Amino acid sequence: MVENEMRGERDAASPGTAPIDNRIFVLILQHPQERKEVLATAAATCAMLRRAALVVGLSWPNLGRALGRPADASRWAVLYLGSARPAEFGSRQEVIALGRDRMPILDRDAALRDLDGVVVLDGSWSEAKTLWWRNPWLLKLRRIVLNPRNRARFGRLRREPRPAALSTIEAVALLLKNLEGAPEAEAVFLHRLNRILAEASTGRKGFLKAEGVPFSLQARHE
């Protein structure tokens with residue numbers, strides 16, 4: 001099978017802004033249709049992180065192929081909401097680790113302590129579901145769901161299907177805040193998102209293009 005994908009690796013900070021020095025690697029798998037979405041935030045998210053990659057496609061044979069290097073799947077997690085309803089778990093945690101029974105793991109910190117990276121599925125509700133089902137190796141990863149205190153900030157610009165569904169930039173901000181104890185990182189992400197939303201509301205086009213953003217994009221076929 002031939003796949004078209006694009007890999008984005010952060011090489012340096014944006015002018016005047018140091019990249020967030022995250023420990024946990026963030027791998028964003030983006031559905032091809034999401035690239036056409038004006039309010040897509042995956043590229044902006046990746047550009048703000050020192051350790052991150054953006055890959056566009058529908059399926060990959062395993063984690064290593066998606067990442068572009070060998071990886072121990074047992075030390076990775078995937079962020080996927082699916083049919084889970086975090087609000088019904090009765091937990092105050094914003095990041096919840098699920099067991100194989102799809103129920104919360106009581107000792108979340110122990111379950112996620114040694115993570116090397118997190119896979120984030122980027123796209124609409126149906127597109128993320130497509131990525132999940134077309135990549136069965138994701139089931140080998142630990143599963144994370146978000147239980148945000150606030151709804152997505154897109155509002156009427158791009159409606160999310162459920163309260164627990166956030167934009168990619170909001171989701172990564174919440175992950176790093178909780179898994180790395182980095183509230184300052186969350187503030188930086190949300191400041192960028194506010195700027196994106198302000199520009200979108202004025203009707204300006206092309207504000208998410210990677211002009212001047214120093215991360216390389218390499219297209220390839222497999």
# chains A, B, ... in the order shown; residues from 1 in each chain; ligands from 1

$ select_by_dssp --residues "stretch 43-111 of chain A" --states "strand (DSSP E)" --output "count of residues only"
13

$ closest_atom_pairs --of "stretch 55-85 of chain A" --to "stretch 22-33 of chain A" --cutoff "9 Å" --atoms "only C-alpha atoms" --output "tab-separated table"
residue	atom	partner	partner_atom	distance
A:Val55	CA	A:Leu29	CA	5.1
A:Val56	CA	A:Gln30	CA	4.7
A:Gly57	CA	A:Pro32	CA	5.7
A:Leu58	CA	A:His31	CA	6.0
A:Ala66	CA	A:Leu29	CA	8.0
A:Leu67	CA	A:Leu27	CA	7.0

$ residues_around --residues "A:Trp76" --least-positions-apart "3" --cutoff "10 Å" --atoms "only C-alpha atoms" --output "list of chain:residue names"
A:Ile24, A:Phe25, A:Val26, A:Leu63, A:Ala71, A:Asp72, A:Ala73, A:Leu112, A:Asp114, A:Leu115, A:Asp116, A:Gly117, A:Val118, A:Val119, A:Leu138, A:Lys140, A:Leu141, A:Arg142, A:Arg143

$ residues_around --residues "A:Ala42" --least-positions-apart "4" --cutoff "7 Å" --atoms "only C-alpha atoms" --output "list in words"
Cys46, Asp122, Thr168 and Ile169 of chain A

$ select_by_dssp --residues "stretch 16-131 of chain A" --states "alpha helix (DSSP H)" --output "ChimeraX atom specification"
/A:42-47,63-67,108-112,125-131

$ residues_around --residues "stretch 93-103 of chain A" --least-positions-apart "3" --cutoff "9 Å" --atoms "only C-alpha atoms" --output "list of chain:residue names"
A:Ala84, A:Pro86, A:Phe89, A:Leu106, A:Asp107, A:Arg108, A:Asp109, A:Ala111, A:Leu112, A:Arg142, A:Arg143, A:Ile144, A:Val145, A:Leu146, A:Asn147, A:Pro148, A:Arg149, A:Leu174, A:Leu175, A:Asn178, A:Leu179

$ write_last_selection --atoms "C-alpha atoms" --output "compact mmCIF listing (two decimals), in the first residue's frame"
# COMPACT_ATOMS: atom_id res chain seq x y z
CA ALA A 84 -15.64 6.87 26.87
CA PRO A 86 -14.93 10.78 31.43
CA PHE A 89 -16.19 8.30 36.01
CA LEU A 106 -6.79 4.14 40.15
CA ASP A 107 -3.08 4.94 40.34
CA ARG A 108 -2.81 7.07 37.21
CA ASP A 109 0.60 8.51 38.08
CA ALA A 111 0.49 3.93 35.15
CA LEU A 112 1.91 6.86 33.17
CA ARG A 142 -1.72 2.73 27.07
CA ARG A 143 -4.91 4.69 26.57
CA ILE A 144 -5.54 8.19 27.88
CA VAL A 145 -8.72 10.25 27.86
CA LEU A 146 -9.17 13.86 28.90
CA ASN A 147 -11.62 15.13 31.48
CA PRO A 148 -11.34 18.91 30.93
CA ARG A 149 -12.89 21.37 33.31
CA LEU A 174 -3.69 19.72 29.07
CA LEU A 175 -1.52 16.61 28.68
CA ASN A 178 -0.77 17.17 33.99
CA LEU A 179 1.89 14.68 32.93

$ closest_residue --among "A:Ser124, A:Asn62, A:Ser167, A:Ser91" --to "A:Lys36" --atoms "only C-alpha atoms"
A:Ser124

$ decode --residues "stretch 37-72 of chain A" --atoms "N, CA and C atoms" --output "PDB file, in the first residue's frame"
ATOM      1  N   GLU A  37      -8.600  21.873   6.777  1.00  0.00           N
ATOM      2  CA  GLU A  37      -9.391  22.601   7.761  1.00  0.00           C
ATOM      3  C   GLU A  37      -8.686  23.900   8.160  1.00  0.00           C
ATOM      4  N   VAL A  38      -9.358  25.005   8.028  1.00  0.00           N
ATOM      5  CA  VAL A  38      -8.772  26.312   8.325  1.00  0.00           C
ATOM      6  C   VAL A  38      -8.343  26.419   9.783  1.00  0.00           C
ATOM      7  N   LEU A  39      -9.104  25.818  10.678  1.00  0.00           N
ATOM      8  CA  LEU A  39      -8.803  25.916  12.102  1.00  0.00           C
ATOM      9  C   LEU A  39      -7.987  24.738  12.637  1.00  0.00           C
ATOM     10  N   ALA A  40      -7.338  23.996  11.763  1.00  0.00           N
ATOM     11  CA  ALA A  40      -6.469  22.912  12.221  1.00  0.00           C
ATOM     12  C   ALA A  40      -5.315  23.496  13.044  1.00  0.00           C
ATOM     13  N   THR A  41      -4.982  22.847  14.162  1.00  0.00           N
ATOM     14  CA  THR A  41      -3.949  23.400  15.055  1.00  0.00           C
ATOM     15  C   THR A  41      -2.750  22.478  15.225  1.00  0.00           C
ATOM     16  N   ALA A  42      -2.707  21.344  14.511  1.00  0.00           N
ATOM     17  CA  ALA A  42      -1.627  20.377  14.714  1.00  0.00           C
ATOM     18  C   ALA A  42      -0.254  20.959  14.373  1.00  0.00           C
ATOM     19  N   ALA A  43      -0.154  21.655  13.234  1.00  0.00           N
ATOM     20  CA  ALA A  43       1.141  22.204  12.833  1.00  0.00           C
ATOM     21  C   ALA A  43       1.635  23.239  13.830  1.00  0.00           C
ATOM     22  N   ALA A  44       0.728  24.092  14.302  1.00  0.00           N
ATOM     23  CA  ALA A  44       1.110  25.099  15.291  1.00  0.00           C
ATOM     24  C   ALA A  44       1.556  24.441  16.590  1.00  0.00           C
ATOM     25  N   THR A  45       0.871  23.379  16.980  1.00  0.00           N
ATOM     26  CA  THR A  45       1.227  22.650  18.207  1.00  0.00           C
ATOM     27  C   THR A  45       2.617  22.057  18.088  1.00  0.00           C
ATOM     28  N   CYS A  46       2.862  21.381  16.982  1.00  0.00           N
ATOM     29  CA  CYS A  46       4.156  20.732  16.758  1.00  0.00           C
ATOM     30  C   CYS A  46       5.287  21.750  16.734  1.00  0.00           C
ATOM     31  N   ALA A  47       5.037  22.897  16.136  1.00  0.00           N
ATOM     32  CA  ALA A  47       6.062  23.929  16.013  1.00  0.00           C
ATOM     33  C   ALA A  47       6.465  24.518  17.357  1.00  0.00           C
ATOM     34  N   MET A  48       5.611  24.392  18.359  1.00  0.00           N
ATOM     35  CA  MET A  48       5.891  24.984  19.663  1.00  0.00           C
ATOM     36  C   MET A  48       6.623  24.033  20.605  1.00  0.00           C
ATOM     37  N   LEU A  49       6.832  22.779  20.172  1.00  0.00           N
ATOM     38  CA  LEU A  49       7.444  21.778  21.029  1.00  0.00           C
ATOM     39  C   LEU A  49       8.832  21.389  20.538  1.00  0.00           C
ATOM     40  N   ARG A  50       9.723  21.144  21.472  1.00  0.00           N
ATOM     41  CA  ARG A  50      11.067  20.707  21.093  1.00  0.00           C
ATOM     42  C   ARG A  50      11.061  19.248  20.631  1.00  0.00           C
ATOM     43  N   ARG A  51      10.214  18.440  21.249  1.00  0.00           N
ATOM     44  CA  ARG A  51      10.167  17.015  20.919  1.00  0.00           C
ATOM     45  C   ARG A  51       8.763  16.666  20.422  1.00  0.00           C
ATOM     46  N   ALA A  52       8.594  16.726  19.110  1.00  0.00           N
ATOM     47  CA  ALA A  52       7.284  16.458  18.519  1.00  0.00           C
ATOM     48  C   ALA A  52       7.435  16.154  17.040  1.00  0.00           C
ATOM     49  N   ALA A  53       6.464  15.459  16.489  1.00  0.00           N
ATOM     50  CA  ALA A  53       6.438  15.176  15.054  1.00  0.00           C
ATOM     51  C   ALA A  53       5.000  15.143  14.579  1.00  0.00           C
ATOM     52  N   LEU A  54       4.783  15.637  13.381  1.00  0.00           N
ATOM     53  CA  LEU A  54       3.472  15.632  12.745  1.00  0.00           C
ATOM     54  C   LEU A  54       3.545  14.754  11.510  1.00  0.00           C
ATOM     55  N   VAL A  55       2.677  13.739  11.449  1.00  0.00           N
ATOM     56  CA  VAL A  55       2.668  12.806  10.324  1.00  0.00           C
ATOM     57  C   VAL A  55       1.261  12.756   9.755  1.00  0.00           C
ATOM     58  N   VAL A  56       1.146  12.902   8.445  1.00  0.00           N
ATOM     59  CA  VAL A  56      -0.154  12.901   7.774  1.00  0.00           C
ATOM     60  C   VAL A  56      -0.345  11.584   7.034  1.00  0.00           C
ATOM     61  N   GLY A  57      -1.464  10.930   7.250  1.00  0.00           N
ATOM     62  CA  GLY A  57      -1.743   9.672   6.578  1.00  0.00           C
ATOM     63  C   GLY A  57      -2.959   9.007   7.168  1.00  0.00           C
ATOM     64  N   LEU A  58      -3.217   7.766   6.740  1.00  0.00           N
ATOM     65  CA  LEU A  58      -4.361   7.026   7.250  1.00  0.00           C
ATOM     66  C   LEU A  58      -3.957   5.807   8.057  1.00  0.00           C
ATOM     67  N   SER A  59      -2.874   5.144   7.675  1.00  0.00           N
ATOM     68  CA  SER A  59      -2.481   3.945   8.410  1.00  0.00           C
ATOM     69  C   SER A  59      -0.993   3.692   8.279  1.00  0.00           C
ATOM     70  N   TRP A  60      -0.455   3.061   9.307  1.00  0.00           N
ATOM     71  CA  TRP A  60       0.942   2.666   9.383  1.00  0.00           C
ATOM     72  C   TRP A  60       1.002   1.283  10.013  1.00  0.00           C
ATOM     73  N   PRO A  61       1.980   0.475   9.665  1.00  0.00           N
ATOM     74  CA  PRO A  61       2.014  -0.896  10.189  1.00  0.00           C
ATOM     75  C   PRO A  61       2.301  -0.996  11.680  1.00  0.00           C
ATOM     76  N   ASN A  62       2.988  -0.001  12.230  1.00  0.00           N
ATOM     77  CA  ASN A  62       3.311  -0.045  13.657  1.00  0.00           C
ATOM     78  C   ASN A  62       3.770   1.337  14.120  1.00  0.00           C
ATOM     79  N   LEU A  63       4.023   1.454  15.409  1.00  0.00           N
ATOM     80  CA  LEU A  63       4.445   2.731  15.987  1.00  0.00           C
ATOM     81  C   LEU A  63       5.755   3.215  15.382  1.00  0.00           C
ATOM     82  N   GLY A  64       6.710   2.312  15.226  1.00  0.00           N
ATOM     83  CA  GLY A  64       8.013   2.696  14.704  1.00  0.00           C
ATOM     84  C   GLY A  64       7.941   3.303  13.315  1.00  0.00           C
ATOM     85  N   ARG A  65       7.069   2.736  12.460  1.00  0.00           N
ATOM     86  CA  ARG A  65       6.934   3.275  11.102  1.00  0.00           C
ATOM     87  C   ARG A  65       6.290   4.652  11.128  1.00  0.00           C
ATOM     88  N   ALA A  66       5.325   4.844  12.008  1.00  0.00           N
ATOM     89  CA  ALA A  66       4.688   6.154  12.111  1.00  0.00           C
ATOM     90  C   ALA A  66       5.668   7.189  12.659  1.00  0.00           C
ATOM     91  N   LEU A  67       6.476   6.768  13.627  1.00  0.00           N
ATOM     92  CA  LEU A  67       7.412   7.673  14.275  1.00  0.00           C
ATOM     93  C   LEU A  67       8.659   7.925  13.438  1.00  0.00           C
ATOM     94  N   GLY A  68       9.003   6.951  12.608  1.00  0.00           N
ATOM     95  CA  GLY A  68      10.199   7.093  11.785  1.00  0.00           C
ATOM     96  C   GLY A  68      11.457   6.592  12.453  1.00  0.00           C
ATOM     97  N   ARG A  69      11.310   5.881  13.561  1.00  0.00           N
ATOM     98  CA  ARG A  69      12.450   5.305  14.283  1.00  0.00           C
ATOM     99  C   ARG A  69      11.921   4.220  15.221  1.00  0.00           C
ATOM    100  N   PRO A  70      12.801   3.319  15.684  1.00  0.00           N
ATOM    101  CA  PRO A  70      12.346   2.268  16.601  1.00  0.00           C
ATOM    102  C   PRO A  70      11.771   2.861  17.887  1.00  0.00           C
ATOM    103  N   ALA A  71      10.741   2.211  18.423  1.00  0.00           N
ATOM    104  CA  ALA A  71      10.110   2.688  19.648  1.00  0.00           C
ATOM    105  C   ALA A  71       9.529   1.500  20.401  1.00  0.00           C
ATOM    106  N   ASP A  72       9.576   1.572  21.709  1.00  0.00           N
ATOM    107  CA  ASP A  72       9.003   0.545  22.583  1.00  0.00           C
ATOM    108  C   ASP A  72       7.548   0.913  22.840  1.00  0.00           C
TER     109      ASP A  72
END
